[in-house]
Amino acid sequence: MTSGIGLVFPGQGSQSVGMGKALHDAHTSVRSVYDEASTVLGYDVAELCFTGPAERLNRTEFTQPALLVSSVAALKLVEPIGIKPVAVAGHSLGEYSALVAAGGVSFRDAVGLVQKRGRYMSEAVTAGTGLVAALLGLGAEVVKEVCRTASSVGVVAAANFNSPGQVVIAGEKAAVERAIELAKAQGCKKAIPLPVSVPVHTPLMQQAADRLAKDLAVVQWSDLSAPLVNNAEAQAISRAQEIQASLVRQLPSSVLWEDTVQTMGKMGVTTFIEIGPGTVLTGLIRRILPDATLLNVHDPKSLDATLKAVS
C-alpha cells in the first residue's frame, strides 16, 4: 500500500453533464449513493448529473449536491482497498466531500447541508449581478491590490488562490469588470469568466454564512479519522467543534488552495488522489508541488489506474 496519500475533492466549476455516469453504470454498488441523496433532495440527482440540462446543473443550489454525490460515489469505489490518508482537503464545496470521507459528518447530513448552502448563496446575491473570473499570470499581492482599487466601484475580492499565477476573483459585476481591466494593465495574461452562478468567497456571502451556521449547529459532527486541511486558513483541523466554525468562515473568506496543498506536502503527503468529477485539482497541484504523484478517480479507467497504483 502506498503511504503518504492525501485525498482531495473538487468544487464548483468541475461539474459537467454526464459526470459520474460511466462509474455508475459500471459499478452497481454506487447506485445506493444516488438513491439516498435523491430521497434527501426531493429530485432524481442521477438524472441531473447524467442528462442535465446544463443550465440547471450550473445553478449553485443544484451544482453543489450534484458534485458532492458524484464525489462520494467515486469515493465508495476506492474505500474497499482501505486507504488511510495522511490528510484530506476539498476545494470550497469539496470540503463537505472531504468531511464525509474523514467521518466528520454523515453523507445524508452533508447532502442536506450543501443543498441549503447552495440556496443561501444564490439568495444572498440577486441573479445576474455577480461575476466570477480567473486571472492568469499575476501574483497574489498584485491581485489583492487590483481588487482594493476596483472596490471603489463595488464589492470585489480574491476568492481563490488556486496555484502560482492563478487567482480567481469574484464580486459585483461592475467591480469585477473594473478589476479585470486593471489586472490586464498590470500584465494579466488572461481573464476567464467561470460557470459559477454566485460570487462565493467574498464578503457578499456573509449573510449566507450566518444562515448556514444555524443548520451546521443542529447536525451531528464527529472528530475526523484523518485531519482536514481547511480552506479558510490552510490549517489541519480534526476536532468536531473546529469543523463547524471553519465551514462558516469558509463562505465569506478566500480559498487558500495553494497554501492548503503546501500544508499537505509538509504533513508528508506525496501522492494526491482527486476523487470526483474532472481533473481541475490535479492540474493545480501539478503547478504547486511538481514532484507529487497525482492520481484521480472520475471514470472506470482512472479508477483502475488509481487502484493499481496504490494497492
# chains A, B, ... in the order shown; residues from 1 in each chain; ligands from 1
call {"tool": "closest_atom_pairs", "arguments": {"of": "segment 198-258 of chain A", "to": "segment 263-270 of chain A", "cutoff": "12 Å", "atoms": "only C-alpha atoms", "output": "Markdown table"}}
result
| residue | atom | partner | partner_atom | distance |
| --- | --- | --- | --- | --- |
| A:Ala226 | CA | A:Met267 | CA | 11.6 |
| A:Pro227 | CA | A:Met264 | CA | 9.9 |
| A:Leu228 | CA | A:Met264 | CA | 9.4 |
| A:Val229 | CA | A:Met264 | CA | 7.1 |
| A:Asn230 | CA | A:Thr263 | CA | 9.9 |
| A:Asn231 | CA | A:Thr263 | CA | 11.1 |
| A:Glu233 | CA | A:Thr263 | CA | 10.3 |
| A:Ala234 | CA | A:Thr263 | CA | 6.7 |
| A:Gln235 | CA | A:Thr263 | CA | 7.2 |
| A:Ala236 | CA | A:Thr263 | CA | 8.0 |
| A:Ile237 | CA | A:Thr263 | CA | 11.8 |
| A:Leu256 | CA | A:Thr263 | CA | 10.5 |
| A:Trp257 | CA | A:Thr263 | CA | 9.7 |
| A:Glu258 | CA | A:Thr263 | CA | 8.7 |
call {"tool": "closest_atom_pairs", "arguments": {"of": "segment 48-69 of chain A", "to": "segment 116-134 of chain A", "cutoff": "12 Å", "atoms": "only C-alpha atoms", "output": "Markdown table"}}
result
| residue | atom | partner | partner_atom | distance |
| --- | --- | --- | --- | --- |
| A:Leu57 | CA | A:Gly118 | CA | 11.9 |
| A:Asn58 | CA | A:Gly118 | CA | 11.1 |
| A:Arg59 | CA | A:Ser122 | CA | 8.3 |
| A:Thr60 | CA | A:Gly118 | CA | 5.2 |
| A:Glu61 | CA | A:Gly118 | CA | 3.9 |
| A:Phe62 | CA | A:Gly118 | CA | 7.2 |
| A:Thr63 | CA | A:Gly118 | CA | 7.8 |
| A:Gln64 | CA | A:Gly118 | CA | 6.2 |
| A:Pro65 | CA | A:Gly118 | CA | 8.3 |
| A:Ala66 | CA | A:Gly118 | CA | 10.9 |
| A:Leu67 | CA | A:Gly118 | CA | 11.6 |
| A:Leu68 | CA | A:Gly118 | CA | 11.8 |
call {"tool": "write_last_selection", "arguments": {"atoms": "N, CA and C atoms", "output": "PDB file, in the first residue's frame"}}
result
ATOM      1  N   LEU A  57     -27.881  22.283 -13.977  1.00  0.00           N
ATOM      2  CA  LEU A  57     -26.721  21.747 -13.262  1.00  0.00           C
ATOM      3  C   LEU A  57     -25.782  22.872 -12.816  1.00  0.00           C
ATOM      4  N   ASN A  58     -25.698  23.951 -13.595  1.00  0.00           N
ATOM      5  CA  ASN A  58     -24.790  25.056 -13.276  1.00  0.00           C
ATOM      6  C   ASN A  58     -25.368  26.055 -12.277  1.00  0.00           C
ATOM      7  N   ARG A  59     -26.622  25.865 -11.866  1.00  0.00           N
ATOM      8  CA  ARG A  59     -27.184  26.730 -10.822  1.00  0.00           C
ATOM      9  C   ARG A  59     -26.716  26.209  -9.471  1.00  0.00           C
ATOM     10  N   THR A  60     -26.154  27.084  -8.675  1.00  0.00           N
ATOM     11  CA  THR A  60     -25.383  26.658  -7.498  1.00  0.00           C
ATOM     12  C   THR A  60     -26.141  25.737  -6.545  1.00  0.00           C
ATOM     13  N   GLU A  61     -27.462  25.941  -6.391  1.00  0.00           N
ATOM     14  CA  GLU A  61     -28.204  25.085  -5.452  1.00  0.00           C
ATOM     15  C   GLU A  61     -28.353  23.659  -5.979  1.00  0.00           C
ATOM     16  N   PHE A  62     -28.128  23.469  -7.290  1.00  0.00           N
ATOM     17  CA  PHE A  62     -28.127  22.116  -7.872  1.00  0.00           C
ATOM     18  C   PHE A  62     -26.694  21.598  -8.064  1.00  0.00           C
ATOM     19  N   THR A  63     -25.777  22.506  -8.413  1.00  0.00           N
ATOM     20  CA  THR A  63     -24.373  22.105  -8.619  1.00  0.00           C
ATOM     21  C   THR A  63     -23.794  21.439  -7.378  1.00  0.00           C
ATOM     22  N   GLN A  64     -24.059  22.053  -6.224  1.00  0.00           N
ATOM     23  CA  GLN A  64     -23.378  21.611  -5.003  1.00  0.00           C
ATOM     24  C   GLN A  64     -23.753  20.185  -4.588  1.00  0.00           C
ATOM     25  N   PRO A  65     -25.058  19.855  -4.480  1.00  0.00           N
ATOM     26  CA  PRO A  65     -25.375  18.465  -4.164  1.00  0.00           C
ATOM     27  C   PRO A  65     -24.890  17.496  -5.241  1.00  0.00           C
ATOM     28  N   ALA A  66     -24.992  17.911  -6.516  1.00  0.00           N
ATOM     29  CA  ALA A  66     -24.592  17.017  -7.622  1.00  0.00           C
ATOM     30  C   ALA A  66     -23.109  16.661  -7.529  1.00  0.00           C
ATOM     31  N   LEU A  67     -22.267  17.642  -7.221  1.00  0.00           N
ATOM     32  CA  LEU A  67     -20.827  17.378  -7.104  1.00  0.00           C
ATOM     33  C   LEU A  67     -20.518  16.535  -5.873  1.00  0.00           C
ATOM     34  N   LEU A  68     -21.164  16.839  -4.763  1.00  0.00           N
ATOM     35  CA  LEU A  68     -20.952  16.049  -3.542  1.00  0.00           C
ATOM     36  C   LEU A  68     -21.302  14.582  -3.788  1.00  0.00           C
TER      37      LEU A  68
END
call {"tool": "closest_residue", "arguments": {"among": "A:Val176, A:Val261, A:Leu303, A:His298", "to": "Pro193 of chain A", "atoms": "only C-alpha atoms"}}
result
A:Val176
call {"tool": "residues_around", "arguments": {"residues": "Thr271 of chain A", "least_positions_apart": "3", "cutoff": "9 Å", "atoms": "only C-alpha atoms", "output": "compact mmCIF listing (two decimals) with N, CA and C atoms, in the first residue's frame"}}
result
# COMPACT_ATOMS: atom_id res chain seq x y z
N THR A 2 0.62 2.15 -0.92
CA THR A 2 1.35 3.41 -0.98
C THR A 2 1.11 4.21 0.30
N SER A 3 2.18 4.82 0.84
CA SER A 3 1.99 5.68 2.01
C SER A 3 2.03 7.14 1.56
N GLY A 4 1.73 8.05 2.48
CA GLY A 4 1.79 9.47 2.14
C GLY A 4 0.68 9.93 1.21
N ILE A 5 -0.51 9.33 1.36
CA ILE A 5 -1.63 9.68 0.46
C ILE A 5 -2.48 10.80 1.05
N GLY A 6 -2.86 11.75 0.20
CA GLY A 6 -3.83 12.77 0.56
C GLY A 6 -5.01 12.67 -0.41
N LEU A 7 -6.22 12.79 0.12
CA LEU A 7 -7.41 12.76 -0.73
C LEU A 7 -7.93 14.19 -0.91
N ALA A 292 5.00 15.83 -6.79
CA ALA A 292 3.98 14.94 -6.20
C ALA A 292 3.48 13.93 -7.24
N THR A 293 3.09 12.76 -6.74
CA THR A 293 2.42 11.76 -7.59
C THR A 293 0.94 12.12 -7.62
N LEU A 294 0.35 12.19 -8.83
CA LEU A 294 -1.03 12.65 -8.97
C LEU A 294 -1.90 11.57 -9.59
N LEU A 295 -2.98 11.25 -8.90
CA LEU A 295 -3.94 10.25 -9.38
C LEU A 295 -5.33 10.85 -9.27
call {"tool": "closest_residue", "arguments": {"among": "A:Ile81, A:Ala174, A:Leu113, A:Leu182", "to": "Val146 of chain A", "atoms": "only C-alpha atoms"}}
result
A:Leu182
call {"tool": "select_by_dssp", "arguments": {"residues": "segment 29-250 of chain A", "states": "strand (DSSP E or B)", "output": "ChimeraX atom specification"}}
result
/A:87-90,130-136,156-163,166-172,190-193,228-229,236-237
call {"tool": "closest_residue", "arguments": {"among": "A:Ala87, A:Leu93, A:Leu77, A:Ile169", "to": "Gln15 of chain A", "atoms": "only C-alpha atoms"}}
result
A:Leu93
call {"tool": "closest_residue", "arguments": {"among": "A:Leu136, A:Ala46, A:Ile273, A:Ala157", "to": "Ala309 of chain A", "atoms": "only C-alpha atoms"}}
result
A:Ile273
call {"tool": "select_by_dssp", "arguments": {"residues": "segment 243-276 of chain A", "states": "alpha helix (DSSP H)", "output": "list in words"}}
result
Ile243, Gln244, Ala245, Ser246, Leu247, Val248, Arg249, Gln250, Trp257, Glu258, Asp259, Thr260, Val261, Gln262, Thr263, Met264, Gly265 and Lys266 of chain A
